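Listing of final.pdb; format and content: PDB, C-alpha atoms.
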```
ATOM      1  CA  MET R1326      85.963  87.263  89.455
ATOM      2  CA  LYS R1327      87.971  88.659  86.539
ATOM      3  CA  PRO R1328      88.912  86.207  83.769
ATOM      4  CA  GLY R1329      92.557  85.444  83.017
ATOM      5  CA  ARG R1330      94.178  87.617  80.384
ATOM      6  CA  ASN R1331      94.041  84.839  77.754
ATOM      7  CA  GLU R1332      90.536  83.660  78.658
ATOM      8  CA  PRO R1333      87.396  84.743  76.773
ATOM      9  CA  CYS R1334      86.130  88.115  77.945
ATOM     10  CA  SER R1335      83.087  87.915  80.199
ATOM     11  CA  CYS R1336      81.301  90.560  78.119
ATOM     12  CA  GLY R1337      80.519  87.920  75.482
ATOM     13  CA  SER R1338      82.479  89.509  72.631
ATOM     14  CA  GLY R1339      84.360  86.291  71.951
ATOM     15  CA  LYS R1340      87.710  88.088  72.232
ATOM     16  CA  LYS R1341      90.387  87.352  74.771
ATOM     17  CA  TYR R1342      90.060  89.449  77.939
ATOM     18  CA  LYS R1343      93.408  91.174  77.271
ATOM     19  CA  ARG R1344      92.118  92.322  73.861
ATOM     20  CA  CYS R1345      88.743  93.488  75.109
ATOM     21  CA  CYS R1346      87.626  94.853  78.507
ATOM     22  CA  MET R1347      90.926  94.767  80.380
ATOM     23  CA  ASN R1348      91.853  98.338  81.382
ATOM     24  CA  SER R1349      94.721 100.010  79.563
ATOM     25  CA  ILE R1350      97.322  99.659  82.328
ATOM     26  CA  SER R1351      96.585  95.953  82.714
ATOM     27  CA  LYS R1352      96.761  95.602  78.926
ATOM     28  CA  GLN R1353     100.201  97.160  79.007
ATOM     29  CA  HIS R1354     101.339  94.637  81.612
ATOM     30  CA  ALA R1355      99.772  91.771  79.662
ATOM     31  CA  SER R1356     101.540  92.888  76.494
ATOM     32  CA  MET R1357     104.859  92.977  78.335
ATOM     33  CA  LEU R1358     104.300  89.442  79.640
ATOM     34  CA  ASP R1359     103.548  88.311  76.093
ATOM     35  CA  ASP R1360     106.832  89.871  74.928
ATOM     36  CA  ILE R1361     108.785  88.087  77.650
ATOM     37  CA  GLU R1362     107.114  84.778  76.820
ATOM     38  CA  GLN R1363     108.044  85.294  73.173
ATOM     39  CA  VAL R1364     111.670  86.023  74.082
ATOM     40  CA  ALA R1365     111.765  82.865  76.201
ATOM     41  CA  ALA R1366     110.240  80.780  73.399
ATOM     42  CA  MET R1367     112.736  82.100  70.836
ATOM     43  CA  ASN R1368     115.695  81.707  73.192
ATOM     44  CA  PRO R1369     115.130  78.466  75.120
ATOM     45  CA  ASN R1370     118.702  78.440  76.416
ATOM     46  CA  LEU R1371     118.350  81.688  78.379
ATOM     47  CA  SER R1372     118.860  81.254  82.102
ATOM     48  CA  ILE R1373     116.426  82.491  84.728
ATOM     49  CA  GLU R1374     118.841  85.320  85.551
ATOM     50  CA  GLU R1375     118.985  86.389  81.901
ATOM     51  CA  LEU R1376     115.192  86.299  81.589
ATOM     52  CA  ASN R1377     114.942  88.436  84.733
ATOM     53  CA  ILE R1378     117.243  91.014  83.124
ATOM     54  CA  VAL R1379     115.041  91.056  80.007
ATOM     55  CA  ALA R1380     111.942  91.472  82.183
ATOM     56  CA  GLU R1381     113.515  94.315  84.174
ATOM     57  CA  GLN R1382     114.508  96.161  81.002
ATOM     58  CA  LYS R1383     111.065  95.831  79.488
ATOM     59  CA  MET R1384     109.406  96.849  82.756
ATOM     60  CA  LYS R1385     111.618  99.926  83.046
ATOM     61  CA  ALA R1386     110.914 100.933  79.438
ATOM     62  CA  ALA R1387     107.155 100.469  79.926
ATOM     63  CA  ASN R1388     107.099 102.433  83.169
ATOM     64  CA  GLU R1389     108.989 105.370  81.654
ATOM     65  CA  ARG R1390     106.785 105.566  78.552
ATOM     66  CA  PRO R1391     104.181 108.396  78.522
ATOM     67  CA  HIS R1392     100.680 106.996  78.936
ATOM     68  CA  PRO R1393      97.567 108.647  77.474
ATOM     69  CA  ASP R1394      95.385 107.614  80.423
ATOM     70  CA  PHE R1395      97.697 109.649  82.663
ATOM     71  CA  CYS R1396      97.371 112.718  80.432
ATOM     72  CA  GLY R1397     100.821 111.988  79.018
ATOM     73  CA  LEU R1398     102.641 111.199  82.258
ATOM     74  CA  SER R1399     104.560 107.952  82.644
ATOM     75  CA  PRO R1400     103.785 105.399  85.374
ATOM     76  CA  THR R1401     107.180 106.238  86.895
ATOM     77  CA  GLN R1402     106.275 109.924  87.136
ATOM     78  CA  MET R1403     102.884 109.097  88.603
ATOM     79  CA  SER R1404     104.505 106.856  91.207
ATOM     80  CA  ASN R1405     106.799 109.702  92.219
ATOM     81  CA  TRP R1406     103.836 112.018  92.700
ATOM     82  CA  PHE R1407     102.001 109.362  94.695
ATOM     83  CA  TYR R1408     104.679 108.397  97.174
ATOM     84  CA  ALA R1409     107.676 110.765  97.205
ATOM     85  CA  PRO R1410     108.092 113.333 100.005
ATOM     86  CA  PHE R1411     107.884 116.984  99.013
ATOM     87  CA  LYS R1412     111.651 117.393  98.661
ATOM     88  CA  GLU R1413     111.852 114.477  96.221
ATOM     89  CA  LEU R1414     108.933 115.332  93.940
ATOM     90  CA  GLU R1415     109.935 115.462  90.288
ATOM     91  CA  GLN R1416     108.775 117.806  87.511
ATOM     92  CA  VAL R1417     107.216 120.217  90.006
ATOM     93  CA  THR R1418     108.573 122.847  92.356
ATOM     94  CA  ILE R1419     106.588 123.668  95.481
ATOM     95  CA  LYS R1420     107.652 126.882  97.131
ATOM     96  CA  THR R1421     106.345 129.390  99.639
ATOM     97  CA  PRO R1422     104.872 132.532  98.051
ATOM     98  CA  ASP R1423     106.209 135.811  99.430
ATOM     99  CA  ASP R1424     102.686 137.065 100.162
ATOM    100  CA  LEU R1425     100.139 134.787 101.838
ATOM    101  CA  LYS R1426      97.444 137.391 102.517
ATOM    102  CA  THR R1427      95.003 135.721 100.125
ATOM    103  CA  SER R1428      95.215 132.310 101.824
ATOM    104  CA  PRO R1429      92.480 131.775 104.442
ATOM    105  CA  VAL R1430      94.369 128.894 106.066
ATOM    106  CA  MET R1431      97.577 130.866 106.525
ATOM    107  CA  ARG R1432      95.800 134.032 107.672
ATOM    108  CA  TYR R1433      93.883 132.054 110.303
ATOM    109  CA  LEU R1434      97.105 130.442 111.481
ATOM    110  CA  LYS R1435      98.643 133.892 111.830
ATOM    111  CA  LEU R1436      95.754 135.016 114.051
ATOM    112  CA  ILE R1437      96.267 131.969 116.272
ATOM    113  CA  LEU R1438     100.003 132.556 116.552
ATOM    114  CA  ASP R1439      99.629 136.290 117.167
ATOM    115  CA  GLU R1440      97.120 135.719 119.966
ATOM    116  CA  ALA R1441      99.471 133.264 121.645
ATOM    117  CA  MET R1442     102.575 135.384 121.197
ATOM    118  CA  GLN R1443     100.835 138.331 122.835
ATOM    119  CA  ASN R1444     100.127 136.143 125.869
ATOM    120  CA  ASP R1445     103.489 134.490 126.562
ATOM    121  CA  GLY R1446     102.973 131.706 124.039
ATOM    122  CA  SER R1447      99.491 130.459 124.919
ATOM    123  CA  PHE R1448      95.837 131.379 125.307
ATOM    124  CA  LYS R1449      92.773 129.850 126.943
ATOM    125  CA  ALA R1450      90.569 127.462 124.939
ATOM    126  CA  THR R1451      86.794 127.357 125.305
ATOM    127  CA  SER R1452      85.159 124.786 127.555
ATOM    128  CA  LYS R1453      84.640 122.607 124.447
ATOM    129  CA  GLY R1454      88.308 122.894 123.507
ATOM    130  CA  ASN R1455      87.757 125.325 120.656
ATOM    131  CA  LEU R1456      89.460 128.582 119.761
ATOM    132  CA  PRO R1457      88.256 131.594 121.776
ATOM    133  CA  THR R1458      85.674 134.038 120.478
ATOM    134  CA  ILE R1459      88.223 136.793 119.881
ATOM    135  CA  ILE R1460      90.034 134.707 117.240
ATOM    136  CA  VAL R1461      86.763 133.547 115.657
ATOM    137  CA  LYS R1462      85.622 137.185 115.355
ATOM    138  CA  GLN R1463      88.924 138.325 113.866
ATOM    139  CA  ALA R1464      88.908 135.420 111.397
ATOM    140  CA  SER R1465      85.326 136.199 110.318
ATOM    141  CA  GLU R1466      86.298 139.796 109.612
ATOM    142  CA  LEU R1467      88.951 138.642 107.142
ATOM    143  CA  LEU R1468      86.394 137.250 104.680
ATOM    144  CA  PRO R1469      86.144 140.387 102.475
ATOM    145  CA  GLU R1470      89.895 140.130 101.827
ATOM    146  CA  PHE R1471      89.619 136.674 100.214
ATOM    147  CA  ALA R1472      88.677 135.949  96.601
ATOM    148  CA  VAL R1473      86.066 133.467  97.774
ATOM    149  CA  SER R1474      84.072 136.312  99.358
ATOM    150  CA  GLN R1475      82.420 137.085  96.010
ATOM    151  CA  PHE R1476      80.501 133.810  96.298
ATOM    152  CA  GLU R1477      79.948 133.650 100.058
ATOM    153  CA  ARG R1478      76.344 133.761 101.218
ATOM    154  CA  HIS R1479      74.944 134.964 104.521
ATOM    155  CA  ILE R1480      73.889 131.668 106.034
ATOM    156  CA  SER R1481      73.946 130.340 109.579
ATOM    157  CA  ILE R1482      76.767 127.881 108.903
ATOM    158  CA  SER R1483      79.568 129.300 106.786
ATOM    159  CA  GLU R1484      82.915 127.936 105.670
ATOM    160  CA  TYR R1485      84.633 131.307 106.201
ATOM    161  CA  ALA R1486      82.786 133.006 109.047
ATOM    162  CA  GLY R1487      80.862 132.089 112.182
ATOM    163  CA  SER R1488      80.009 132.875 115.776
ATOM    164  CA  ASN R1489      82.168 130.000 117.050
ATOM    165  CA  GLU R1490      84.667 127.492 115.689
ATOM    166  CA  ASP R1491      82.039 124.751 115.370
ATOM    167  CA  LYS R1492      80.257 126.830 112.721
ATOM    168  CA  PHE R1493      83.406 127.955 110.928
ATOM    169  CA  ASN R1494      84.818 125.053 108.915
ATOM    170  CA  ALA R1495      87.833 126.770 107.340
ATOM    171  CA  LEU R1496      89.044 128.045 110.714
ATOM    172  CA  HIS R1497      88.497 124.660 112.369
ATOM    173  CA  TYR R1498      90.378 122.992 109.510
ATOM    174  CA  SER R1499      93.299 125.385 109.965
ATOM    175  CA  ARG R1500      93.487 124.775 113.701
ATOM    176  CA  VAL R1501      93.465 120.998 113.189
ATOM    177  CA  LEU R1502      96.240 121.249 110.591
ATOM    178  CA  ALA R1503      98.340 123.360 112.954
ATOM    179  CA  GLU R1504      97.970 120.726 115.666
ATOM    180  CA  ILE R1505      98.871 117.829 113.370
ATOM    181  CA  ALA R1506     101.857 119.805 112.073
ATOM    182  CA  GLY R1507     103.118 120.232 115.627
ATOM    183  CA  ILE R1508     102.893 124.024 115.579
ATOM    184  CA  ILE R1509     100.369 124.267 118.414
ATOM    185  CA  TYR R1510      99.070 121.884 121.068
ATOM    186  CA  ARG R1511      96.350 121.932 123.735
ATOM    187  CA  ARG R1512      97.136 121.232 127.378
ATOM    188  CA  SER R1513      95.364 122.104 130.626
ATOM    189  CA  GLY R1514      92.640 124.013 128.826
ATOM    190  CA  ARG R1515      95.031 126.235 126.875
ATOM    191  CA  TYR R1516      96.471 126.323 123.377
ATOM    192  CA  HIS R1517     100.251 126.629 123.327
ATOM    193  CA  VAL R1518     102.629 127.431 120.473
ATOM    194  CA  LYS R1519     105.650 125.159 120.620
ATOM    195  CA  LYS R1520     108.913 126.890 121.500
ATOM    196  CA  ALA R1521     110.519 125.883 118.205
ATOM    197  CA  ALA R1522     107.522 127.272 116.300
ATOM    198  CA  GLN R1523     107.745 130.553 118.227
ATOM    199  CA  LYS R1524     111.369 130.936 117.145
ATOM    200  CA  GLN R1525     110.503 130.138 113.535
ATOM    201  CA  TYR R1526     107.656 132.650 113.550
ATOM    202  CA  LEU R1527     109.816 135.417 114.990
ATOM    203  CA  ALA R1528     112.572 134.720 112.473
ATOM    204  CA  HIS R1529     110.608 134.038 109.274
ATOM    205  CA  GLY R1530     106.983 135.034 109.854
ATOM    206  CA  ILE R1531     103.996 132.981 108.747
ATOM    207  CA  GLN R1532     105.908 131.835 105.648
ATOM    208  CA  ALA R1533     107.815 129.394 107.864
ATOM    209  CA  PHE R1534     104.734 127.193 108.153
ATOM    210  CA  PHE R1535     103.389 127.134 104.589
ATOM    211  CA  ILE R1536     105.181 123.942 103.492
ATOM    212  CA  PRO R1537     104.714 122.064 106.812
ATOM    213  CA  MET R1538     100.981 122.872 106.816
ATOM    214  CA  LEU R1539     100.660 121.864 103.155
ATOM    215  CA  GLU R1540     102.449 118.555 103.729
ATOM    216  CA  VAL R1541     100.101 117.757 106.605
ATOM    217  CA  ALA R1542      97.051 118.721 104.537
ATOM    218  CA  THR R1543      98.026 116.349 101.724
ATOM    219  CA  SER R1544      99.311 113.388 103.712
ATOM    220  CA  GLN R1545      98.041 113.248 107.304
ATOM    221  CA  TYR R1546      94.778 115.188 107.537
ATOM    222  CA  ASN R1547      91.668 113.073 106.903
ATOM    223  CA  TRP R1548      89.891 114.622 103.908
ATOM    224  CA  GLY R1549      86.623 113.007 104.945
ATOM    225  CA  TYR R1550      86.651 114.641 108.378
ATOM    226  CA  LEU R1551      84.192 117.431 107.569
ATOM    227  CA  ASP R1552      81.671 115.397 105.558
ATOM    228  CA  GLY R1553      79.365 112.474 106.220
ATOM    229  CA  TRP R1554      80.439 109.902 103.605
ATOM    230  CA  GLU R1555      81.483 106.555 104.994
ATOM    231  CA  HIS R1556      83.135 105.236 101.831
ATOM    232  CA  GLU R1557      86.861 104.557 102.096
ATOM    233  CA  ILE R1558      88.059 106.657  99.176
ATOM    234  CA  ASP R1559      91.360 108.360  99.903
ATOM    235  CA  LEU R1560      91.868 111.089  97.309
ATOM    236  CA  ARG R1561      95.035 112.401  98.953
ATOM    237  CA  THR R1562      97.188 110.016  96.899
ATOM    238  CA  PHE R1563      96.109 111.793  93.708
ATOM    239  CA  TRP R1564      96.201 115.383  94.953
ATOM    240  CA  LEU R1565      99.178 116.563  92.900
ATOM    241  CA  PHE R1566      97.886 114.965  89.694
ATOM    242  CA  MET R1567      94.497 116.619  90.227
ATOM    243  CA  LEU R1568      96.072 119.973  91.051
ATOM    244  CA  TRP R1569      98.206 119.803  87.887
ATOM    245  CA  ARG R1570      95.185 119.036  85.726
ATOM    246  CA  LEU R1571      93.035 121.737  87.306
ATOM    247  CA  GLN R1572      95.810 124.297  86.937
ATOM    248  CA  SER R1573      95.986 123.309  83.255
ATOM    249  CA  HIS R1574      92.339 123.768  82.312
ATOM    250  CA  GLY R1575      90.281 124.895  85.323
ATOM    251  CA  ASN R1576      87.307 122.655  84.504
ATOM    252  CA  THR R1577      85.820 120.457  87.227
ATOM    253  CA  LYS R1578      83.947 118.182  84.841
ATOM    254  CA  GLN R1579      87.071 117.527  82.782
ATOM    255  CA  LEU R1580      89.078 116.895  85.954
ATOM    256  CA  ILE R1581      86.617 114.255  87.137
ATOM    257  CA  GLU R1582      86.715 112.533  83.743
ATOM    258  CA  GLU R1583      90.521 112.527  83.812
ATOM    259  CA  VAL R1584      90.605 111.002  87.298
ATOM    260  CA  ILE R1585      88.154 108.261  86.293
ATOM    261  CA  THR R1586      90.206 107.490  83.169
ATOM    262  CA  ALA R1587      93.493 107.400  85.052
ATOM    263  CA  PHE R1588      92.222 105.536  88.128
ATOM    264  CA  PRO R1589      89.128 103.509  87.121
ATOM    265  CA  ASP R1590      89.400 101.279  90.193
ATOM    266  CA  LEU R1591      88.220 104.230  92.301
ATOM    267  CA  LEU R1592      84.720 103.624  90.944
ATOM    268  CA  LEU R1593      84.743 100.158  92.522
ATOM    269  CA  ARG R1594      84.843 101.870  95.919
ATOM    270  CA  CYS R1595      81.804 104.029  95.088
ATOM    271  CA  PRO R1596      78.666 101.930  95.557
ATOM    272  CA  GLU R1597      75.743 102.814  93.339
ATOM    273  CA  ASP R1598      72.575 103.877  95.129
ATOM    274  CA  GLU R1599      69.225 105.441  94.314
ATOM    275  CA  TYR R1600      70.689 108.928  94.393
ATOM    276  CA  SER R1601      73.871 108.703  92.299
ATOM    277  CA  THR R1602      76.019 106.517  90.093
ATOM    278  CA  PRO R1603      79.584 105.638  91.150
ATOM    279  CA  SER R1604      81.012 108.301  88.824
ATOM    280  CA  GLN R1605      78.625 110.938  90.215
ATOM    281  CA  LEU R1606      79.542 110.032  93.794
ATOM    282  CA  LEU R1607      83.271 110.168  93.022
ATOM    283  CA  GLY R1608      82.781 113.508  91.270
ATOM    284  CA  THR R1609      80.933 114.943  94.252
ATOM    285  CA  MET R1610      83.720 113.830  96.573
ATOM    286  CA  ILE R1611      86.367 115.425  94.369
ATOM    287  CA  GLU R1612      84.423 118.684  94.315
ATOM    288  CA  SER R1613      83.841 118.687  98.069
ATOM    289  CA  ARG R1614      87.049 117.231  99.515
ATOM    290  CA  PHE R1615      89.654 118.359  97.005
ATOM    291  CA  ILE R1616      88.340 121.570  95.469
ATOM    292  CA  LYS R1617      86.149 123.222  98.094
ATOM    293  CA  ARG R1618      87.767 122.002 101.326
ATOM    294  CA  PHE R1619      91.365 121.951 100.213
ATOM    295  CA  LEU R1620      92.085 124.244  97.269
ATOM    296  CA  GLU R1621      89.557 126.922  98.262
ATOM    297  CA  PHE R1622      90.492 126.821 101.940
ATOM    298  CA  TRP R1623      94.093 127.492 100.936
ATOM    299  CA  GLY R1624      93.170 130.268  98.501
ATOM    300  CA  PHE R1625      94.402 128.369  95.440
ATOM    301  CA  VAL R1626      91.100 128.520  93.518
ATOM    302  CA  THR R1627      87.602 129.913  93.664
ATOM    303  CA  VAL R1628      84.505 128.119  92.415
ATOM    304  CA  ALA R1629      81.286 129.788  91.351
ATOM    305  CA  PRO R1630      78.143 128.322  92.963
ATOM    306  CA  MET R1631      76.583 125.411  91.102
ATOM    307  CA  LYS R1632      73.798 126.405  88.738
ATOM    308  CA  HIS R1633      70.888 124.243  87.684
ATOM    309  CA  ILE R1634      69.586 124.866  84.178
ATOM    310  CA  ASP R1635      66.466 122.877  83.214
ATOM    311  CA  ASP R1636      67.396 120.221  85.777
ATOM    312  CA  PHE R1637      70.853 119.873  84.204
ATOM    313  CA  ARG R1638      73.709 120.150  86.674
ATOM    314  CA  ALA R1639      76.076 122.591  84.989
ATOM    315  CA  PRO R1640      79.770 121.853  85.619
ATOM    316  CA  ASN R1641      81.736 124.180  87.830
ATOM    317  CA  LYS R1642      84.332 126.435  86.285
ATOM    318  CA  VAL R1643      87.281 126.795  88.616
ATOM    319  CA  GLU R1644      89.167 130.076  88.644
ATOM    320  CA  VAL R1645      92.814 129.419  89.423
ATOM    321  CA  GLN R1646      94.153 132.092  91.770
ATOM    322  CA  PRO R1647      97.667 133.609  91.515
ATOM    323  CA  LEU R1648      98.638 131.900  94.778
ATOM    324  CA  MET R1649      98.385 128.481  93.131
ATOM    325  CA  THR R1650     100.701 129.311  90.248
ATOM    326  CA  LEU R1651     103.172 130.932  92.639
ATOM    327  CA  ALA R1652     103.209 127.895  94.914
ATOM    328  CA  PHE R1653     103.208 125.132  92.251
ATOM    329  CA  GLN R1654     105.392 125.379  89.180
ATOM    330  CA  PHE R1655     105.183 122.346  86.907
ATOM    331  CA  LYS R1656     108.034 121.528  84.517
ATOM    332  CA  LEU R1657     106.260 119.043  82.295
ATOM    333  CA  GLU R1658     106.550 119.115  78.509
ATOM    334  CA  ILE R1659     103.482 117.310  77.204
TER     335      ILE R1659
END
```
As a first step, turn the structure in this file into structure tokens.
Amino acid sequence: MKPGRNEPCSCGSGKKYKRCCMNSISKQHASMLDDIEQVAAMNPNLSIEELNIVAEQKMKAANERPHPDFCGLSPTQMSNWFYAPFKELEQVTIKTPDDLKTSPVMRYLKLILDEAMQNDGSFKATSKGNLPTIIVKQASELLPEFAVSQFERHISISEYAGSNEDKFNALHYSRVLAEIAGIIYRRSGRYHVKKAAQKQYLAHGIQAFFIPMLEVATSQYNWGYLDGWEHEIDLRTFWLFMLWRLQSHGNTKQLIEEVITAFPDLLLRCPEDEYSTPSQLLGTMIESRFIKRFLEFWGFVTVAPMKHIDDFRAPNKVEVQPLMTLAFQFKLEI
């Protein structure tokens, strides 16, 4: 149990908790409470309503003040990025690039739509409910056209190629997104493209689905779906903050450190075991769920394979692709 802000810190320093091990955001709140208490002590005749106005003003000022733990963003800005819908996001513009040829997700979606449109809006699924072999083969043949191909290895289970959908994670991911987004649906052993989606595709091409697919990927799709971790760590809330930081410096190790600094409570959800510390586990999840199975699947970045030098795990260097900078334009002055 955490001590009260004015109680001695449990670390044994002898200092009050608010002056010692309390995290920076909690310290900010504690400082604001101290200010309000001081105002109340100096103005004993203030009414409850007047004290509430003072508290609201101080809270607003604190929330709009840039915070170093958030890499210079204010708590208000962070809250907007956490909870606002795409159309209400501040200090960033998300738009559909004119050319989506370098995005695996969007190219795979185009194959699915084209196959359906050539067959009156639907096509037969496999007995397991997967995409048919013809689409899997066409999707596999696209690999050389993607930036990630320079790092792809010829292994039995690949992210970007396979003999069937079960062994082709990026294609499976794209199909699931399309279903969640309401672009396609499966019924009576066939995949159908919704009538509204058919009209959108005929009128605007694959670009019509970039934003809807992206919204689904960052808010509704379960990022833990393709891995085996059981820990309840939802990184989707922080996706735009992480994308902004990675676009700024392209360094995975630095990104992980920034996330831990900004959101230290995430480590409490990462139990330590014999294989990794909480920070190592969180870092691995960020690399797998956010970078490799979100940003790379979309064609926003490429990541060179991890190298081990004298048993030291060298940090990944992320190469930001043009598609990312075309799709996300940040307007921050920090």
### Query
R:Gly1575, R:Pro1647, R:Pro1422, R:Gly1553: which is nearest R:Met1610, counting all atoms listed in the file?
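Once distances to R:Met1610 are computed over all atoms listed in the file, the minimum belongs to R:Gly1553.
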Name the residues that the PyMOL selection byres ((chain R and resi 1552) around 12) picks from the file above, as an mmCIF file with C-alpha atoms, keeping the file's coordinate frame, using the file's chain letters and numbers.
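Below is the file expr.cif, written as the result:
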```cif
data_model
loop_
_atom_site.group_PDB
_atom_site.id
_atom_site.type_symbol
_atom_site.label_atom_id
_atom_site.label_comp_id
_atom_site.auth_asym_id
_atom_site.auth_seq_id
_atom_site.Cartn_x
_atom_site.Cartn_y
_atom_site.Cartn_z
ATOM 1 C CA ASN R 1494 84.818 125.053 108.915
ATOM 2 C CA ASN R 1547 91.668 113.073 106.903
ATOM 3 C CA TRP R 1548 89.891 114.622 103.908
ATOM 4 C CA GLY R 1549 86.623 113.007 104.945
ATOM 5 C CA TYR R 1550 86.651 114.641 108.378
ATOM 6 C CA LEU R 1551 84.192 117.431 107.569
ATOM 7 C CA GLY R 1553 79.365 112.474 106.220
ATOM 8 C CA TRP R 1554 80.439 109.902 103.605
ATOM 9 C CA GLU R 1555 81.483 106.555 104.994
ATOM 10 C CA HIS R 1556 83.135 105.236 101.831
ATOM 11 C CA THR R 1609 80.933 114.943 94.252
ATOM 12 C CA MET R 1610 83.720 113.830 96.573
ATOM 13 C CA SER R 1613 83.841 118.687 98.069
ATOM 14 C CA ARG R 1614 87.049 117.231 99.515
ATOM 15 C CA LYS R 1617 86.149 123.222 98.094
ATOM 16 C CA ARG R 1618 87.767 122.002 101.326
#
```
### Message
Residues near R:Leu1593, anyone? I mean within 10 Å using only C-alpha atoms, not counting same-chain ones fewer than 5 positions away, as a ChimeraX atom specification.
### Response
/R:1558,1603-1604
### Contacts of R:Ser1483 at 12 Å (all atoms listed in the file; same-chain gap of 5+ positions) as JSON, numbers by chain
{"R": [1465, 1468, 1473, 1474, 1476, 1477, 1478, 1488, 1489, 1490, 1491, 1492, 1493, 1494, 1495, 1496, 1497]}
### Message
Expand the PyMOL selection byres ((chain R and resi 1538) around 9) into the explicit residue set it covers here, and present it as a PyMOL selection string.
### Response
chain R and resi 1430-1431+1499+1502-1503+1505-1506+1534-1537+1539-1543
Could you turn the residues from that selection into a file that holds C-alpha atoms, as an mmCIF file, in the frame of the given file?
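Output contents, as saved in selection-v2.cif:
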```cif
data_model
loop_
_atom_site.group_PDB
_atom_site.id
_atom_site.type_symbol
_atom_site.label_atom_id
_atom_site.label_comp_id
_atom_site.auth_asym_id
_atom_site.auth_seq_id
_atom_site.Cartn_x
_atom_site.Cartn_y
_atom_site.Cartn_z
ATOM 1 C CA VAL R 1430 94.369 128.894 106.066
ATOM 2 C CA MET R 1431 97.577 130.866 106.525
ATOM 3 C CA SER R 1499 93.299 125.385 109.965
ATOM 4 C CA LEU R 1502 96.240 121.249 110.591
ATOM 5 C CA ALA R 1503 98.340 123.360 112.954
ATOM 6 C CA ILE R 1505 98.871 117.829 113.370
ATOM 7 C CA ALA R 1506 101.857 119.805 112.073
ATOM 8 C CA PHE R 1534 104.734 127.193 108.153
ATOM 9 C CA PHE R 1535 103.389 127.134 104.589
ATOM 10 C CA ILE R 1536 105.181 123.942 103.492
ATOM 11 C CA PRO R 1537 104.714 122.064 106.812
ATOM 12 C CA LEU R 1539 100.660 121.864 103.155
ATOM 13 C CA GLU R 1540 102.449 118.555 103.729
ATOM 14 C CA VAL R 1541 100.101 117.757 106.605
ATOM 15 C CA ALA R 1542 97.051 118.721 104.537
ATOM 16 C CA THR R 1543 98.026 116.349 101.724
#
```
If you take every atom of stretch 1398-1410 of chain R that the file lists and fit an axis-aligned box around them with 4 Å extra on each side, what centre and edge lengths come out in Å to one decimal, as AutoDock Vina command-line options?
```
--center_x 105.0 --center_y 109.4 --center_z 91.1 --size_x 14.1 --size_y 15.9 --size_z 25.7
```
### Task
Check the smallest atom-to-atom distance from each of R:Leu1592, R:Leu1560, R:Ala1366, R:Val1626 to R:Gln1572 using only C-alpha atoms, then report the winner.
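Smallest separation from R:Gln1572 among the options: R:Val1626.
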### Query
Could you write out as a PyMOL selection string the residues that the PyMOL selection byres ((chain R and resi 1401) around 12) matches in the shown file?
chain R and resi 1384-1392+1395+1397-1400+1402-1409+1414-1416
Write a file of the just-selected residues containing C-alpha atoms, as a compact mmCIF listing (two decimals), in the frame of the given file.
```txt
# COMPACT_ATOMS: atom_id res chain seq x y z
CA MET R 1384 109.41 96.85 82.76
CA LYS R 1385 111.62 99.93 83.05
CA ALA R 1386 110.91 100.93 79.44
CA ALA R 1387 107.16 100.47 79.93
CA ASN R 1388 107.10 102.43 83.17
CA GLU R 1389 108.99 105.37 81.65
CA ARG R 1390 106.78 105.57 78.55
CA PRO R 1391 104.18 108.40 78.52
CA HIS R 1392 100.68 107.00 78.94
CA PHE R 1395 97.70 109.65 82.66
CA GLY R 1397 100.82 111.99 79.02
CA LEU R 1398 102.64 111.20 82.26
CA SER R 1399 104.56 107.95 82.64
CA PRO R 1400 103.78 105.40 85.37
CA GLN R 1402 106.28 109.92 87.14
CA MET R 1403 102.88 109.10 88.60
CA SER R 1404 104.50 106.86 91.21
CA ASN R 1405 106.80 109.70 92.22
CA TRP R 1406 103.84 112.02 92.70
CA PHE R 1407 102.00 109.36 94.70
CA TYR R 1408 104.68 108.40 97.17
CA ALA R 1409 107.68 110.76 97.20
CA LEU R 1414 108.93 115.33 93.94
CA GLU R 1415 109.94 115.46 90.29
CA GLN R 1416 108.78 117.81 87.51
```
### Message
To one decimal place in Å, what is the distance between atom CA of R:Leu1467 and atom CA of R:Gly1487?
### Response
11.6 Å
### Message
I'd like the interatomic distance between atom CA of R:Leu1434 and atom CA of R:Thr1650, to a tenth of an Å.
### Response
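Going from atom CA of R:Leu1434 over to atom CA of R:Thr1650 covers 21.6 Å.
By chain and then residue number, the residues within 6 Å of stretch 1437-1448 of chain R are Arg1515, Tyr1516, His1517 and Val1518 of chain R, counting only C-alpha atoms and disregarding those fewer than 5 positions away in sequence.
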Requested write-out: C-alpha atoms of the selected residues, as a PDB file, keeping the file's coordinate frame:
```pdb
ATOM      1  CA  ARG R1515      95.031 126.235 126.875  1.00  0.00           C
ATOM      2  CA  TYR R1516      96.471 126.323 123.377  1.00  0.00           C
ATOM      3  CA  HIS R1517     100.251 126.629 123.327  1.00  0.00           C
ATOM      4  CA  VAL R1518     102.629 127.431 120.473  1.00  0.00           C
TER       5      VAL R1518
END
```
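Straight-line separation from atom CA of R:Glu1582 to atom CA of R:Gln1646: 22.4 Å.
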### Query
At a cut-off of 12 Å from (101.0, 126.8, 91.3) in the coordinates of the file, what residues are picked up using all atoms listed in the file, written as a PyMOL selection string?
chain R and resi 1417-1422+1565+1568-1573+1620+1623-1626+1645-1656
#### Entry: Nearest to R:Ile1531, chosen from R:Val1628, R:Leu1436, R:Leu1591, R:Leu1456, with all atoms listed in the file counted in the distances
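Ranking R:Val1628, R:Leu1436, R:Leu1591, R:Leu1456 by distance to R:Ile1531, first place goes to R:Leu1436.
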What's around R:Ile1581 at 9 Å? Count only C-alpha atoms, leave out sequence neighbours fewer than 6 positions away in its own chain, and write the answer as an mmCIF file with C-alpha atoms, in the frame of the given file.
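Final output, part-v4.cif:
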```cif
data_model
loop_
_atom_site.group_PDB
_atom_site.id
_atom_site.type_symbol
_atom_site.label_atom_id
_atom_site.label_comp_id
_atom_site.auth_asym_id
_atom_site.auth_seq_id
_atom_site.Cartn_x
_atom_site.Cartn_y
_atom_site.Cartn_z
ATOM 1 C CA MET R 1567 94.497 116.619 90.227
ATOM 2 C CA SER R 1604 81.012 108.301 88.824
ATOM 3 C CA LEU R 1607 83.271 110.168 93.022
ATOM 4 C CA GLY R 1608 82.781 113.508 91.270
ATOM 5 C CA ILE R 1611 86.367 115.425 94.369
ATOM 6 C CA GLU R 1612 84.423 118.684 94.315
#
```
